[in-house]
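Chemist: Pasting in a structure now, in structure tokens, and then I'll have a few things to ask.
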Amino acid sequence: MIKNSWYVAANPAELADGRILARTILGTPVALYRLEGQVVAAYDRCPHRFAPLSIGKVVEGSLQCGYHGARFDKTGKCISVPGQRFAPARTCALQTFPAVERCGFIWIWMGDDVAAAGGNTLPETFAIAESSAWDGGNGLFESLQANFMLINDNLFDITHADFVHSDSFAGRQCLLYRTMDAGSEYQNGKMVHAVSERGITLRLLDRNVGNACGPFFRQQVALGLGVPEYDGDIDSEFEVIWTPPSFTSFRVTVNPSGDRAARFSSVVLHAVTPESERTSHYFFRALRDYAHSPQLSAAFVDAMTAAFNQDKVVIELQQARIGVADLFEQAPAAFAGDVVQLRARKLIEKMRAAETTEP
Amino acid sequence: MIKNSWYVAANPAELADGRILARTILGTPVALYRLEGQVVAAYDRCPHRFAPLSIGKVVEGSLQCGYHGARFDKTGKCISVPGQRFAPARTCALQTFPAVERCGFIWIWMGDDVAAAGGNTLPETFAIAESSAWDGGNGLFESLQANFMLINDNLFDITHADFVHSDSFAGRQCLLYRTMDAGSEYQNGKMVHAVSERGITLRLLDRNVGNACGPFFRQQVALGLGVPEYDGDIDSEFEVIWTPPSFTSFRVTVNPSGDRAARFSSVVLHAVTPESERTSHYFFRALRDYAHSPQLSAAFVDAMTAAFNQDKVVIELQQARIGVADLFEQAPAAFAGDVVQLRARKLIEKMRAAETTEP
Amino acid sequence: MIKNSWYVAANPAELADGRILARTILGTPVALYRLEGQVVAAYDRCPHRFAPLSIGKVVEGSLQCGYHGARFDKTGKCISVPGQRFAPARTCALQTFPAVERCGFIWIWMGDDVAAAGGNTLPETFAIAESSAWDGGNGLFESLQANFMLINDNLFDITHADFVHSDSFAGRQCLLYRTMDAGSEYQNGKMVHAVSERGITLRLLDRNVGNACGPFFRQQVALGLGVPEYDGDIDSEFEVIWTPPSFTSFRVTVNPSGDRAARFSSVVLHAVTPESERTSHYFFRALRDYAHSPQLSAAFVDAMTAAFNQDKVVIELQQARIGVADLFEQAPAAFAGDVVQLRARKLIEKMRAAETTEP
């Protein structure tokens, strides 16, 4: 697990109405809550008798332990103990973690001093979630029984769509993944990929797809045009941008073939947060630049949830077969295109090495 | 775990109607049953093929294994094997443990020779359960997922009542725990404590409590007086006597303020029995010296059960956060009053040391 | 666990209708399916990304992985990868195991080269399952929580019938197991046993059993005669033949006392397959040489299932009490007759030694 990274800790709605959310992140139990308008992430363990603070309450601008009533301010300082004149501020400090609400998610930093880790910022691709041009909603799979890299891999290798998502995302375009070229410019009928320090980009342009794609793509055209159904031919673009350690932006742009004026895009931002070595939380935010409406946003989240439930079955069984060792320690066979997964792993190894060699 | 102590193994009703009860105590599976009017506690494993004897039957004054039918008398001697002329008494002896029914509980001794451990007797505070002046009933939480000391701690530190039991036992008195003095004489508005080899005593006197206490206390006055409700002021006394390793008597005495002739007491005897290093059985017997009636006894047990279900949530999550190490190995913060818990742990350490250094 | 043996992997109906069955055998996850009329047993793990192949599909004479669609022929050779020109046959070979359908079961060989292990064949006693003179059906207990030897032991020591199966198989005959003699010829009122390299045989003849047996035996006479009930006296024979490591044929022959012309036999073939060190699959095939009918076969399987559910309770609790060590490492007491179980264990030890000492 990479420690020095921002991770998504929660969807904002999970902290609504004074709720204190308990969630394990990078092996550490965390309590997440809002205090005086600010998101606070604290170690979910009272320093006194180790009761989880997530069963406490937010009381008068402080977090109150649900066992003996000690109160902590938003910096984690103990400000009162019932029946006791002075609060043991020095000995009873609650550990907190940097936390922030941005780009439609609640983020947490569990690593070394966040200021010292200067360059590390939120993934650039997630910025569109702050633009009003995009409408959408959030989804979550909690405590998925798989290492975070298996979910990253799932988002990379879209050839699985034909087998796992034949009812939605399948399509001839997916197979181009196996024969991709280097490059970052769209070329019709080709997938190109580019690798840099900042991540990996896959781009695909496929004009006149006709029936050779799953129903999802023409539905997007119909919704964009505001018609019940669209039967004509379409042009499609995919853009997958992966930012280490576990952020993927997946953009699908479609238009009626040849009609570049009626282009409609959807973007799903995927964020995988390690819960432990072999379990992960998977968050997503599904966005559209067309047909803004809460109903459609909810339906889009539901559709994504249904699709990922198909992946979940495979990924969790895959983890069960892999067992405690890493997949790549067990000499898996390689298919064409898998090189991208290997490059991603190298970028992650580099991050890991940087963490462990720093003084 | 302390081995050389009597522990509560069962509530008497659990052995009714010839039932053979299976329960793990100090890590050992035990079968408990009545044979010829005597309580027998045996290793719950037939010496022949290791089937649990608790799935057997009591037949003709013996315990019969449910697999191959071997029979054992109340000393554990094998007295017959079906189809075989002689019973293998020498090689097939069933281990039994001293067991006795006293003070409203079934007790077991799992340690070294009980006679040799001369001084170790049942806790004195439990004797009132044999007096007809007290009416009551038993309760049980089986296999609570926590080390026995966390339950002891819970009974000690009554400041938790305001946060865990705001609907019953809360009250201003509880907070006096944080500022207690040494002593064993009741002093109004104070809590005093005394520590000796035989245990720890806490005493509290609080006159004219008025509304500054939870509903439980005035209910006790009303029940004692035989009236539907009591709205007047009350005086209250608490007496908590803890006897190592895990016995707590908790006495609450109330009277209408100033009227010492109308005093009503309830006593709850708490007995915690380690099941394993990190799981425990928690037995209690709830007694009253007023308003004897089976209905009221049952209601009192139900109320205690409801209240302890509130503790259970906290204690089990507390154990989860503590993990496999001991709480005090992890440098918890100390609040005023916690010194009593530390003294209790010292008494237990002394018992443990005595066990391990004896020849 | 003995590796060099054929084991029952499945009942044939489990592979019906193109189903791919997932089952762990000797600690290895196996996918079982029919391909072009042949039973195939493959390692249930795609060589590419380790998804279980049992969630795939049989497509055009090949097994298709459910994740990325790689296809494997019946030898395990990878014959295609979607979107890729050449299949990586050399690097992506799927391990397969010899498998065969015989004697009413699907068998698998998980050991060293099956040809080299020449002498090892299916148990001879199972051959009757291929004869049309016998009618019957199959049953299965999957992932029984016990080492395979505890199930073998259960089939050996029939004295348990009086205690575990008092409603069916009980009877005075069972007790003769405790006083058996050496020999292989039936003698009235005696049980004899013979041990050889090839296994252990128990034989019992008991004429004029009258009421001294459970209801099962006279039911068999009634069914054989085609009458609703049979109240007369009966003669009975038992023959138990155990073939290492885990195959037991249990034959019960009955006739109205003295009437050797009206003899009716039932045979239950028991096959225990280790799933792991302490879990097992238990298969059986229940056969009769009388009253052929699908209804009666189903009823016979149901009756056997009900009876073994009684054993299951005992055996799984027995395993829980035994724990991680072997029963015989814990000095169990011996009853008369247990010598046969010990002889069986010696034959198994010999097989184990042969496996580990071979070059």
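Letters A, B, ... go to the chains of the structure tokens in the order shown; residues in each chain start at 1; ligands are counted from 1 in the same order.
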Taking only C-alpha atoms into account and nothing else, which residues of chain A lie no more than 7 Å away from chain B? Please answer as a list in words.
Modeler: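 Residues satisfying the distance criterion: Arg45, Pro47, His48, Arg49, Phe50, Ala51, Pro52, Gly66, Tyr67, His68, Gly69, Pro82, Gly83, Gln84, Thr91 and Cys92 of chain A.
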Chemist: Which parts of range 27-203 of chain C does DSSP call alpha helix (DSSP H) when run on the backbone here, written out as a VMD selection string?
Modeler: chain C and resid 148 to 156 161 to 164 172 to 175
Chemist: Determine the nearest neighbour of Val301 in chain C from the options C:Thr125, C:Ser276, C:Ser266, C:Asn152, counting only C-alpha atoms.
Modeler: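 Counting only C-alpha atoms, the residue closest to Val301 in chain C is C:Ser266.
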Chemist: Distance table requested - range 116-148 of chain B against range 250-265 of chain B, cut-off 12 Å, only C-alpha atoms: one row per qualifying residue with the closest atom pair and its distance in Å to one decimal, ordered by chain and rising residue number, as a Markdown table.
Modeler:
```
| residue | atom | partner | partner_atom | distance |
| --- | --- | --- | --- | --- |
| B:Thr125 | CA | B:Phe250 | CA | 9.5 |
| B:Phe126 | CA | B:Phe250 | CA | 10.7 |
| B:Ile128 | CA | B:Arg251 | CA | 11.5 |
| B:Ala133 | CA | B:Ser265 | CA | 11.0 |
| B:Trp134 | CA | B:Ser265 | CA | 9.4 |
| B:Asp135 | CA | B:Ser265 | CA | 11.1 |
```
Chemist: Please list as a list in words every residue within 9 Å of Ser184 in chain B, counting only C-alpha atoms and excluding residues in the same chain fewer than 4 positions away.
Modeler: Val192, His193, Ala194, Thr201, Leu202 and Arg203 of chain B
Chemist: Env of Cys46 in chain A: 8 Å cut, atoms = only C-alpha atoms, seq-sep filter 6 positions within chain, self excluded. Answer as a PyMOL selection string.
Modeler: chain A and resi 52-53+65+94
Chemist: Can you tell me, as a ChimeraX atom specification, what residues are no more than 6 Å from Thr248 in chain C when counting only C-alpha atoms, ignoring any on the same chain fewer than 5 positions away?
Modeler: /C:241-242,269-270
Chemist: So that I can see what lies close to range 56-61 of chain A, please list as number ranges by chain the residues with an atom at most 10 Å from it, counting only C-alpha atoms and leaving out residues fewer than 6 positions away in the same chain.
Modeler: A: 18-20, 31, 33-37, 46, 67-74; B: 163-164
Chemist: Give me the residues near Met351 in chain C as an mmCIF file with C-alpha atoms, in the first residue's frame, where near means some atom within 9 Å (using only C-alpha atoms) and where sequence neighbours in that chain fewer than 5 positions away do not count.
Modeler:
```cif
data_model
loop_
_atom_site.group_PDB
_atom_site.id
_atom_site.type_symbol
_atom_site.label_atom_id
_atom_site.label_comp_id
_atom_site.auth_asym_id
_atom_site.auth_seq_id
_atom_site.Cartn_x
_atom_site.Cartn_y
_atom_site.Cartn_z
ATOM 1 C CA ILE C 2 -2.799 -39.460 0.021
ATOM 2 C CA ASN C 4 -1.726 -41.087 -5.571
ATOM 3 C CA PRO C 244 -7.730 -47.680 1.101
ATOM 4 C CA PRO C 245 -7.609 -44.802 1.223
ATOM 5 C CA LYS C 346 -1.466 -48.515 9.009
ATOM 6 C CA THR C 356 7.070 -39.508 0.017
#
```
Chemist: So which one's closest to Val209 in chain B, B:Ile234, B:Cys103, B:Leu342, B:Ala16? Using only C-alpha atoms, please.
Modeler: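 Comparing B:Ile234, B:Cys103, B:Leu342, B:Ala16 against Val209 in chain B, the winner is B:Ile234.
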Chemist: Between C:Gly214, C:Pro294, C:Gly199, C:Pro29, which residue has the minimum interatomic distance to Gly136 in chain C, considering only C-alpha atoms?
Modeler: C:Pro294
Chemist: State, in Å with one decimal place, the distance from CA of Glu355 in chain A to CA of Glu197 in chain A.
Modeler: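 Pair CA of Glu355 in chain A / CA of Glu197 in chain A returns 16.0 Å.
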